[in-house]
Amino acid sequence: MIIKPKGTIDLLSDDAKKWKYVNRIIDELMEKYNYNYIRTPLFESTDLFKRTVGESTDIVSKETYDFLDRGERPMTLRPEGTAGVVRSFIENKMYGDPSLPIKVYYNGTMYRYERPQSGRDREFTQFGVEVLGTTDEMVDAEIISIPVNLCKLLGLKGLKVKINSLGDQESKDKYKEVLYNYFKDKIEGLCPDCKARLEKNPLRILDCKVDKDSDILKNAPKMLDYLNEASLIRFNKVQDYLNSLEIDFEVDSNIVRGLDYYDHTVFELEANVKGFGSNNVLCGGGRYSKLIEELGGPSMSAMGFAIGLGRLVMALNLEEVDMKYKKDVDLFIIYNTEVEKQYAAKLINDLRLNGFVVEMDYLNRNIKGQFKQADRLNTKYYLILSNDDLINNEIKLKNSKTKKEEIVNLDYLLYFLEENIENEDLENEENLY
RNA sequence: GCGAUUAUGGUGAAGUGGUUAACACGCUAGGUUGUGGUCCUAGUAUGCGUGGGUUCGAUCCCCACUAAUCGCCCCA
């Protein structure tokens, strides 16, 4: 038997319906925000990701799916969405669009060659947005509001929004130096991983899980104290806008994103959900002011975020949020003879074109089996064909809940169904998806 | 890359060094029910992840492999 590759999933049955529902909410929300859907390639030149990731190089070589195409060109399955969007922004000269900023959203699969664990697969889906071509603080706030509002619409509670500012290049460099010097002589008190991080990426010591309660970390110099004036003013403005948007947030100076290209605002959304694995960060994002230029575009700033749909749906499931999807079928046509089956074929087509969800048996089950199957599918009405009725231009309907049977004249069938089924749907609209 | 745990039928699972591998659900057939849902009867793993080893004998002990789950690292 051939089995699926490690770290991949088959999205099936009810889970698939839940994802469809979440995706629909995403699309609707992005319409309101007036962000455009963008789809970039699933694979890009390896160079693109090498450059965006920057200094922390070993990430790329170790954790991406790399391959040579038949022309021996190095290619990489995208590990994230930002790089492709920025590449597209430059390649399509969107920076010249008079209606800047460019506001786009993507929703697609990403690939990282990692050891799978709870909330982490090798193939996973991210919904994300990017706003390119403005430094306006309102955009920072607006972008943070998107995942917050998405969760609100979905009914997910227990979220924590954490924000921080890394400041501009000047502030960032200065802070890194201060931090390095601070940790240098205290490194013996930290965990082995942190020792390695000191040289590689001292910022990440700040969100170490092992040492998070140690005094060394608690007394470490804070990024916010090293922001220069312009950066600080900017950060305060972002917070003002967040308050206007009525978003609860917490400034956490330990929020550091892993990559070099971020500056100014960075943020994360944490799920405080019981039963969640150790990977409880639902979404993260931030501003990046140098990346567009580094990839050969003009000097423009942008900001974005991405949210993992797998983790989002996991959180929704744990919180027992009702992801509204259609759980039943309207009608199941029950037949006995071949003549009746022929008629069923005609009828099923008519009914479907008139907007009903209709099923019939395809396994030559006997009547009993057909009823069973209809029940499995949560049928609202059984439509029981019999030659005698058909000759009289009539059809027998049985309500699966009330057990009430009615003989309906065929000419009035649609009218009857609209009365009885569509009204029911209107009463509980959550049944729609 | 490192570590822990697990691996029995369509599903959830119990179990033992030795003739027929519990139980439940599901499924199939038949009976009852005015045509299903209730109820009754029967059937439903020659097999316990794969390959070796120990043993008179292994699903149960040992080793390797594979896979799953969770954690570390990393987290774009």
# chains A, B, ... in the order shown; residues from 1 in each chain; ligands from 1
$ residues_around --residues "segment 15-25 of chain B" --least-positions-apart "2" --cutoff "9 Å" --atoms "only C-alpha atoms (C1' of nucleotides)" --output "ChimeraX atom specification"
/B:8,11-13,45,47-48,55,57-61
$ residues_around --residues "Glu293 of chain A" --least-positions-apart "2" --cutoff "12 Å" --atoms "only C-alpha atoms (C1' of nucleotides)" --output "MDAnalysis selection string"
chainID A and resid 51:52 86:87 89:90 95 132:133 261 288:291 295:302
$ closest_atom_pairs --of "segment 7-65 of chain B" --to "segment 375-386 of chain A" --cutoff "10 Å" --atoms "only C-alpha atoms (C1' of nucleotides)" --output "Markdown table"
| residue | atom | partner | partner_atom | distance |
| --- | --- | --- | --- | --- |
| B:U35 | C1' | A:Ile384 | CA | 8.8 |
| B:G36 | C1' | A:Asp375 | CA | 7.5 |
| B:G37 | C1' | A:Asp375 | CA | 7.5 |
$ write_last_selection --atoms "N, CA, C and O atoms (P, O5', C5', C4', C3', O3' and C1' of nucleotides)" --output "PDB file, in the first residue's frame"
ATOM      1  P     U B  35     -44.360  -2.837   4.453  1.00  0.00           P
ATOM      2  O5'   U B  35     -42.925  -2.560   4.963  1.00  0.00           O
ATOM      3  C5'   U B  35     -41.809  -2.540   4.130  1.00  0.00           C
ATOM      4  C4'   U B  35     -41.175  -1.190   4.051  1.00  0.00           C
ATOM      5  C3'   U B  35     -40.936  -0.469   5.352  1.00  0.00           C
ATOM      6  O3'   U B  35     -39.718  -0.973   5.861  1.00  0.00           O
ATOM      7  C1'   U B  35     -41.537   1.035   3.592  1.00  0.00           C
ATOM      8  P     G B  36     -39.488  -1.239   7.383  1.00  0.00           P
ATOM      9  O5'   G B  36     -38.116  -0.489   7.571  1.00  0.00           O
ATOM     10  C5'   G B  36     -36.993  -0.913   6.811  1.00  0.00           C
ATOM     11  C4'   G B  36     -35.918   0.113   6.940  1.00  0.00           C
ATOM     12  C3'   G B  36     -35.657   0.572   8.367  1.00  0.00           C
ATOM     13  O3'   G B  36     -34.754  -0.315   9.000  1.00  0.00           O
ATOM     14  C1'   G B  36     -35.895   2.460   6.987  1.00  0.00           C
ATOM     15  P     G B  37     -34.943  -0.693  10.536  1.00  0.00           P
ATOM     16  O5'   G B  37     -34.591   0.649  11.297  1.00  0.00           O
ATOM     17  C5'   G B  37     -33.255   1.145  11.340  1.00  0.00           C
ATOM     18  C4'   G B  37     -33.286   2.517  11.944  1.00  0.00           C
ATOM     19  C3'   G B  37     -33.699   2.547  13.407  1.00  0.00           C
ATOM     20  O3'   G B  37     -32.529   2.644  14.218  1.00  0.00           O
ATOM     21  C1'   G B  37     -34.927   4.155  12.133  1.00  0.00           C
TER      22        G B  37
END
$ interface_residues --of "chain A" --to "chain B" --cutoff "9 Å" --atoms "only C-alpha atoms (C1' of nucleotides)" --output "ChimeraX atom specification"
/A:6,49,52-53,59,63,79-83,114,117-118,193,257-259,277-278,367-375,384
$ write_last_selection --atoms "N, CA and C atoms" --output "mmCIF file, in the first residue's frame"
data_model
loop_
_atom_site.group_PDB
_atom_site.id
_atom_site.type_symbol
_atom_site.label_atom_id
_atom_site.label_comp_id
_atom_site.auth_asym_id
_atom_site.auth_seq_id
_atom_site.Cartn_x
_atom_site.Cartn_y
_atom_site.Cartn_z
ATOM 1 N N LYS A 6 5.177 11.794 4.810
ATOM 2 C CA LYS A 6 5.223 12.307 6.179
ATOM 3 C C LYS A 6 4.857 13.785 6.207
ATOM 4 N N PHE A 49 14.058 32.649 -2.009
ATOM 5 C CA PHE A 49 13.905 32.375 -0.578
ATOM 6 C C PHE A 49 15.227 32.519 0.152
ATOM 7 N N THR A 52 15.467 36.298 0.809
ATOM 8 C CA THR A 52 14.552 36.890 1.779
ATOM 9 C C THR A 52 14.896 36.478 3.193
ATOM 10 N N VAL A 53 15.338 35.259 3.335
ATOM 11 C CA VAL A 53 15.639 34.803 4.676
ATOM 12 C C VAL A 53 16.895 35.463 5.217
ATOM 13 N N ILE A 59 18.577 27.901 7.713
ATOM 14 C CA ILE A 59 17.145 27.630 7.626
ATOM 15 C C ILE A 59 16.781 27.123 6.244
ATOM 16 N N GLU A 63 15.460 23.368 5.605
ATOM 17 C CA GLU A 63 14.046 23.206 5.854
ATOM 18 C C GLU A 63 13.154 23.548 4.675
ATOM 19 N N PRO A 79 8.110 28.178 1.149
ATOM 20 C CA PRO A 79 7.940 27.896 2.573
ATOM 21 C C PRO A 79 7.068 28.939 3.260
ATOM 22 N N GLU A 80 6.727 29.993 2.551
ATOM 23 C CA GLU A 80 5.910 31.059 3.124
ATOM 24 C C GLU A 80 5.393 31.925 1.985
ATOM 25 N N GLY A 81 4.525 32.852 2.269
ATOM 26 C CA GLY A 81 3.862 33.583 1.206
ATOM 27 C C GLY A 81 4.458 34.930 0.838
ATOM 28 N N THR A 82 5.162 35.545 1.782
ATOM 29 C CA THR A 82 5.599 36.922 1.556
ATOM 30 C C THR A 82 6.558 37.070 0.377
ATOM 31 N N ALA A 83 7.521 36.168 0.309
ATOM 32 C CA ALA A 83 8.554 36.318 -0.720
ATOM 33 C C ALA A 83 7.949 36.341 -2.124
ATOM 34 N N GLU A 114 10.199 19.788 7.850
ATOM 35 C CA GLU A 114 10.453 19.764 9.282
ATOM 36 C C GLU A 114 9.891 18.494 9.874
ATOM 37 N N GLN A 117 4.781 17.707 14.125
ATOM 38 C CA GLN A 117 4.276 17.561 15.483
ATOM 39 C C GLN A 117 2.948 18.289 15.547
ATOM 40 N N SER A 118 2.363 18.351 16.727
ATOM 41 C CA SER A 118 1.053 18.981 16.837
ATOM 42 C C SER A 118 1.098 20.412 16.303
ATOM 43 N N ASP A 193 20.756 25.711 24.374
ATOM 44 C CA ASP A 193 20.270 26.274 23.115
ATOM 45 C C ASP A 193 20.528 27.768 23.049
ATOM 46 N N ARG A 257 10.434 38.250 15.870
ATOM 47 C CA ARG A 257 10.200 37.330 14.773
ATOM 48 C C ARG A 257 11.533 36.716 14.386
ATOM 49 N N GLY A 258 11.491 35.577 13.764
ATOM 50 C CA GLY A 258 12.722 34.859 13.511
ATOM 51 C C GLY A 258 13.611 35.455 12.446
ATOM 52 N N LEU A 259 13.015 36.183 11.541
ATOM 53 C CA LEU A 259 13.806 36.598 10.385
ATOM 54 C C LEU A 259 14.336 38.013 10.481
ATOM 55 N N GLY A 277 -1.415 22.087 21.498
ATOM 56 C CA GLY A 277 -0.054 21.624 21.655
ATOM 57 C C GLY A 277 0.881 22.772 21.979
ATOM 58 N N SER A 278 2.147 22.520 21.864
ATOM 59 C CA SER A 278 3.121 23.530 22.254
ATOM 60 C C SER A 278 3.214 24.662 21.232
ATOM 61 N N ILE A 367 -35.208 -1.905 -0.830
ATOM 62 C CA ILE A 367 -35.891 -0.754 -0.240
ATOM 63 C C ILE A 367 -35.364 -0.449 1.159
ATOM 64 N N LYS A 368 -35.202 -1.494 1.923
ATOM 65 C CA LYS A 368 -34.722 -1.334 3.292
ATOM 66 C C LYS A 368 -33.349 -0.663 3.320
ATOM 67 N N GLY A 369 -32.493 -1.140 2.445
ATOM 68 C CA GLY A 369 -31.158 -0.566 2.376
ATOM 69 C C GLY A 369 -31.187 0.887 1.942
ATOM 70 N N GLN A 370 -32.133 1.202 1.064
ATOM 71 C CA GLN A 370 -32.220 2.585 0.589
ATOM 72 C C GLN A 370 -32.656 3.512 1.720
ATOM 73 N N PHE A 371 -33.570 3.054 2.525
ATOM 74 C CA PHE A 371 -33.974 3.861 3.683
ATOM 75 C C PHE A 371 -32.803 4.050 4.634
ATOM 76 N N LYS A 372 -32.081 2.988 4.836
ATOM 77 C CA LYS A 372 -30.910 3.080 5.721
ATOM 78 C C LYS A 372 -29.921 4.118 5.202
ATOM 79 N N GLN A 373 -29.626 4.001 3.929
ATOM 80 C CA GLN A 373 -28.687 4.933 3.330
ATOM 81 C C GLN A 373 -29.198 6.369 3.459
ATOM 82 N N ALA A 374 -30.495 6.541 3.218
ATOM 83 C CA ALA A 374 -31.087 7.875 3.331
ATOM 84 C C ALA A 374 -30.904 8.417 4.749
ATOM 85 N N ASP A 375 -31.043 7.557 5.732
ATOM 86 C CA ASP A 375 -30.873 7.992 7.120
ATOM 87 C C ASP A 375 -29.432 8.364 7.407
ATOM 88 N N ILE A 384 -40.663 8.578 -2.353
ATOM 89 C CA ILE A 384 -40.831 7.153 -2.631
ATOM 90 C C ILE A 384 -41.594 6.951 -3.929
#
$ atom_distance --atom1 "atom CA of Gly108 of chain A" --atom2 "atom CA of Pro41 of chain A"
10.0 Å
$ residues_around --residues "segment 194-201 of chain A" --least-positions-apart "2" --cutoff "12 Å" --atoms "only C-alpha atoms (C1' of nucleotides)" --output "ChimeraX atom specification"
/A:55-59,176-177,179-192,203-212,216-217,256-260 /B:73-74
$ closest_residue --among "A:Phe235, A:Tyr262, A:Phe332, A:Phe356" --to "Asn420 of chain A" --atoms "only C-alpha atoms"
A:Phe356
$ residues_around --residues "Asp388 of chain A" --least-positions-apart "4" --cutoff "12 Å" --atoms "only C-alpha atoms (C1' of nucleotides)" --output "list in words"
Thr337, Val339, Glu340, Ile384, Asn392, Asn393, Glu394, Ile395, Lys396 and Ile407 of chain A
$ write_last_selection --atoms "N, CA and C atoms" --output "PDB file, in the first residue's frame"
ATOM      1  N   THR A 337     -38.201  -0.593  -9.109  1.00  0.00           N
ATOM      2  CA  THR A 337     -38.050  -1.204 -10.426  1.00  0.00           C
ATOM      3  C   THR A 337     -37.179  -0.342 -11.336  1.00  0.00           C
ATOM      4  N   VAL A 339     -38.048   0.807 -14.189  1.00  0.00           N
ATOM      5  CA  VAL A 339     -38.866   1.912 -14.700  1.00  0.00           C
ATOM      6  C   VAL A 339     -38.844   3.077 -13.722  1.00  0.00           C
ATOM      7  N   GLU A 340     -38.964   2.737 -12.455  1.00  0.00           N
ATOM      8  CA  GLU A 340     -38.933   3.790 -11.434  1.00  0.00           C
ATOM      9  C   GLU A 340     -37.558   4.457 -11.383  1.00  0.00           C
ATOM     10  N   ILE A 384     -40.663   8.578  -2.353  1.00  0.00           N
ATOM     11  CA  ILE A 384     -40.831   7.153  -2.631  1.00  0.00           C
ATOM     12  C   ILE A 384     -41.594   6.951  -3.929  1.00  0.00           C
ATOM     13  N   ASN A 392     -50.821   7.804 -11.842  1.00  0.00           N
ATOM     14  CA  ASN A 392     -51.809   8.802 -11.433  1.00  0.00           C
ATOM     15  C   ASN A 392     -51.228  10.202 -11.351  1.00  0.00           C
ATOM     16  N   ASN A 393     -49.962  10.330 -11.835  1.00  0.00           N
ATOM     17  CA  ASN A 393     -49.306  11.637 -11.782  1.00  0.00           C
ATOM     18  C   ASN A 393     -49.111  12.115 -10.337  1.00  0.00           C
ATOM     19  N   GLU A 394     -48.816  11.146  -9.488  1.00  0.00           N
ATOM     20  CA  GLU A 394     -48.637  11.502  -8.084  1.00  0.00           C
ATOM     21  C   GLU A 394     -47.323  10.927  -7.553  1.00  0.00           C
ATOM     22  N   ILE A 395     -46.926  11.446  -6.397  1.00  0.00           N
ATOM     23  CA  ILE A 395     -45.679  10.976  -5.809  1.00  0.00           C
ATOM     24  C   ILE A 395     -45.816  10.990  -4.293  1.00  0.00           C
ATOM     25  N   LYS A 396     -45.151  10.036  -3.666  1.00  0.00           N
ATOM     26  CA  LYS A 396     -45.302   9.925  -2.215  1.00  0.00           C
ATOM     27  C   LYS A 396     -44.085  10.505  -1.516  1.00  0.00           C
ATOM     28  N   ILE A 407     -49.246  12.291  -0.230  1.00  0.00           N
ATOM     29  CA  ILE A 407     -49.263  12.066  -1.664  1.00  0.00           C
ATOM     30  C   ILE A 407     -49.404  13.426  -2.322  1.00  0.00           C
TER      31      ILE A 407
END
$ select_by_dssp --residues "segment 143-280 of chain A" --states "helix (DSSP H, G or I)" --output "PyMOL selection string"
chain A and resi 143-154+169-184+187-189+192-200+202-207+215-218+223-226+229-244
$ select_by_dssp --residues "segment 31-135 of chain A" --states "strand (DSSP E or B)" --output "PyMOL selection string"
chain A and resi 36-37+43-45+66-68+74-77+102-111+117+120+123-132
$ write_last_selection --atoms "C-alpha atoms" --output "CSV table (one decimal), in the first residue's frame"
chain,number,residue,atom,x,y,z
A,36,ASN,CA,-7.4,41.5,-3.7
A,37,TYR,CA,-6.8,37.8,-4.0
A,43,PHE,CA,7.6,27.0,-6.5
A,44,GLU,CA,10.0,29.7,-7.2
A,45,SER,CA,13.7,30.1,-7.9
A,66,ASP,CA,14.6,22.0,-3.0
A,67,PHE,CA,14.8,20.4,-6.4
A,68,LEU,CA,16.4,20.9,-9.8
A,74,PRO,CA,17.4,25.3,-8.6
A,75,MET,CA,13.7,25.5,-7.5
A,76,THR,CA,12.1,25.6,-4.1
A,77,LEU,CA,8.6,24.9,-2.9
A,102,ILE,CA,-1.3,47.5,-3.1
A,103,LYS,CA,-3.4,45.4,-0.8
A,104,VAL,CA,-3.5,41.6,-1.5
A,105,TYR,CA,-4.3,38.4,0.3
A,106,TYR,CA,-3.3,34.8,-0.4
A,107,ASN,CA,-4.5,31.5,0.8
A,108,GLY,CA,-2.5,28.5,-0.2
A,109,THR,CA,-0.3,25.6,0.7
A,110,MET,CA,3.3,26.1,1.9
A,111,TYR,CA,6.0,23.5,2.4
A,117,GLN,CA,4.3,17.6,15.5
A,120,ARG,CA,3.0,21.5,12.3
A,123,GLU,CA,2.5,20.7,3.8
A,124,PHE,CA,0.3,23.3,5.4
A,125,THR,CA,-2.0,26.1,4.5
A,126,GLN,CA,-1.6,29.7,5.2
A,127,PHE,CA,-3.9,32.7,4.7
A,128,GLY,CA,-2.0,35.9,4.7
A,129,VAL,CA,-2.1,39.5,3.5
A,130,GLU,CA,0.5,42.1,2.4
A,131,VAL,CA,0.1,45.8,2.1
A,132,LEU,CA,2.9,47.2,0.0
$ decode --residues "segment 391-408 of chain A" --atoms "N, CA and C atoms" --output "PDB file, in the first residue's frame"
ATOM      1  N   ILE A 391     -48.449   6.627 -12.440  1.00  0.00           N
ATOM      2  CA  ILE A 391     -49.510   6.576 -13.439  1.00  0.00           C
ATOM      3  C   ILE A 391     -50.590   7.602 -13.124  1.00  0.00           C
ATOM      4  N   ASN A 392     -50.821   7.804 -11.842  1.00  0.00           N
ATOM      5  CA  ASN A 392     -51.809   8.802 -11.433  1.00  0.00           C
ATOM      6  C   ASN A 392     -51.228  10.202 -11.351  1.00  0.00           C
ATOM      7  N   ASN A 393     -49.962  10.330 -11.835  1.00  0.00           N
ATOM      8  CA  ASN A 393     -49.306  11.637 -11.782  1.00  0.00           C
ATOM      9  C   ASN A 393     -49.111  12.115 -10.337  1.00  0.00           C
ATOM     10  N   GLU A 394     -48.816  11.146  -9.488  1.00  0.00           N
ATOM     11  CA  GLU A 394     -48.637  11.502  -8.084  1.00  0.00           C
ATOM     12  C   GLU A 394     -47.323  10.927  -7.553  1.00  0.00           C
ATOM     13  N   ILE A 395     -46.926  11.446  -6.397  1.00  0.00           N
ATOM     14  CA  ILE A 395     -45.679  10.976  -5.809  1.00  0.00           C
ATOM     15  C   ILE A 395     -45.816  10.990  -4.293  1.00  0.00           C
ATOM     16  N   LYS A 396     -45.151  10.036  -3.666  1.00  0.00           N
ATOM     17  CA  LYS A 396     -45.302   9.925  -2.215  1.00  0.00           C
ATOM     18  C   LYS A 396     -44.085  10.505  -1.516  1.00  0.00           C
ATOM     19  N   LEU A 397     -44.317  11.382  -0.559  1.00  0.00           N
ATOM     20  CA  LEU A 397     -43.240  11.996   0.202  1.00  0.00           C
ATOM     21  C   LEU A 397     -43.402  11.640   1.664  1.00  0.00           C
ATOM     22  N   LYS A 398     -42.289  11.368   2.304  1.00  0.00           N
ATOM     23  CA  LYS A 398     -42.366  11.080   3.734  1.00  0.00           C
ATOM     24  C   LYS A 398     -41.344  11.932   4.471  1.00  0.00           C
ATOM     25  N   ASN A 399     -41.821  12.620   5.452  1.00  0.00           N
ATOM     26  CA  ASN A 399     -40.946  13.455   6.270  1.00  0.00           C
ATOM     27  C   ASN A 399     -40.158  12.552   7.226  1.00  0.00           C
ATOM     28  N   SER A 400     -38.848  12.701   7.220  1.00  0.00           N
ATOM     29  CA  SER A 400     -38.028  11.763   7.989  1.00  0.00           C
ATOM     30  C   SER A 400     -38.178  11.975   9.492  1.00  0.00           C
ATOM     31  N   LYS A 401     -38.561  13.161   9.902  1.00  0.00           N
ATOM     32  CA  LYS A 401     -38.672  13.424  11.343  1.00  0.00           C
ATOM     33  C   LYS A 401     -40.075  13.130  11.846  1.00  0.00           C
ATOM     34  N   THR A 402     -41.070  13.709  11.170  1.00  0.00           N
ATOM     35  CA  THR A 402     -42.448  13.535  11.647  1.00  0.00           C
ATOM     36  C   THR A 402     -43.046  12.205  11.213  1.00  0.00           C
ATOM     37  N   LYS A 403     -42.371  11.544  10.262  1.00  0.00           N
ATOM     38  CA  LYS A 403     -42.871  10.278   9.686  1.00  0.00           C
ATOM     39  C   LYS A 403     -44.167  10.465   8.891  1.00  0.00           C
ATOM     40  N   LYS A 404     -44.553  11.708   8.735  1.00  0.00           N
ATOM     41  CA  LYS A 404     -45.810  11.943   8.024  1.00  0.00           C
ATOM     42  C   LYS A 404     -45.623  11.707   6.538  1.00  0.00           C
ATOM     43  N   GLU A 405     -46.588  10.996   5.962  1.00  0.00           N
ATOM     44  CA  GLU A 405     -46.550  10.755   4.526  1.00  0.00           C
ATOM     45  C   GLU A 405     -47.599  11.595   3.824  1.00  0.00           C
ATOM     46  N   GLU A 406     -47.222  12.032   2.627  1.00  0.00           N
ATOM     47  CA  GLU A 406     -48.202  12.779   1.847  1.00  0.00           C
ATOM     48  C   GLU A 406     -48.089  12.362   0.400  1.00  0.00           C
ATOM     49  N   ILE A 407     -49.246  12.291  -0.230  1.00  0.00           N
ATOM     50  CA  ILE A 407     -49.263  12.066  -1.664  1.00  0.00           C
ATOM     51  C   ILE A 407     -49.404  13.426  -2.322  1.00  0.00           C
ATOM     52  N   VAL A 408     -48.465  13.736  -3.199  1.00  0.00           N
ATOM     53  CA  VAL A 408     -48.475  15.058  -3.822  1.00  0.00           C
ATOM     54  C   VAL A 408     -48.607  14.894  -5.328  1.00  0.00           C
TER      55      VAL A 408
END
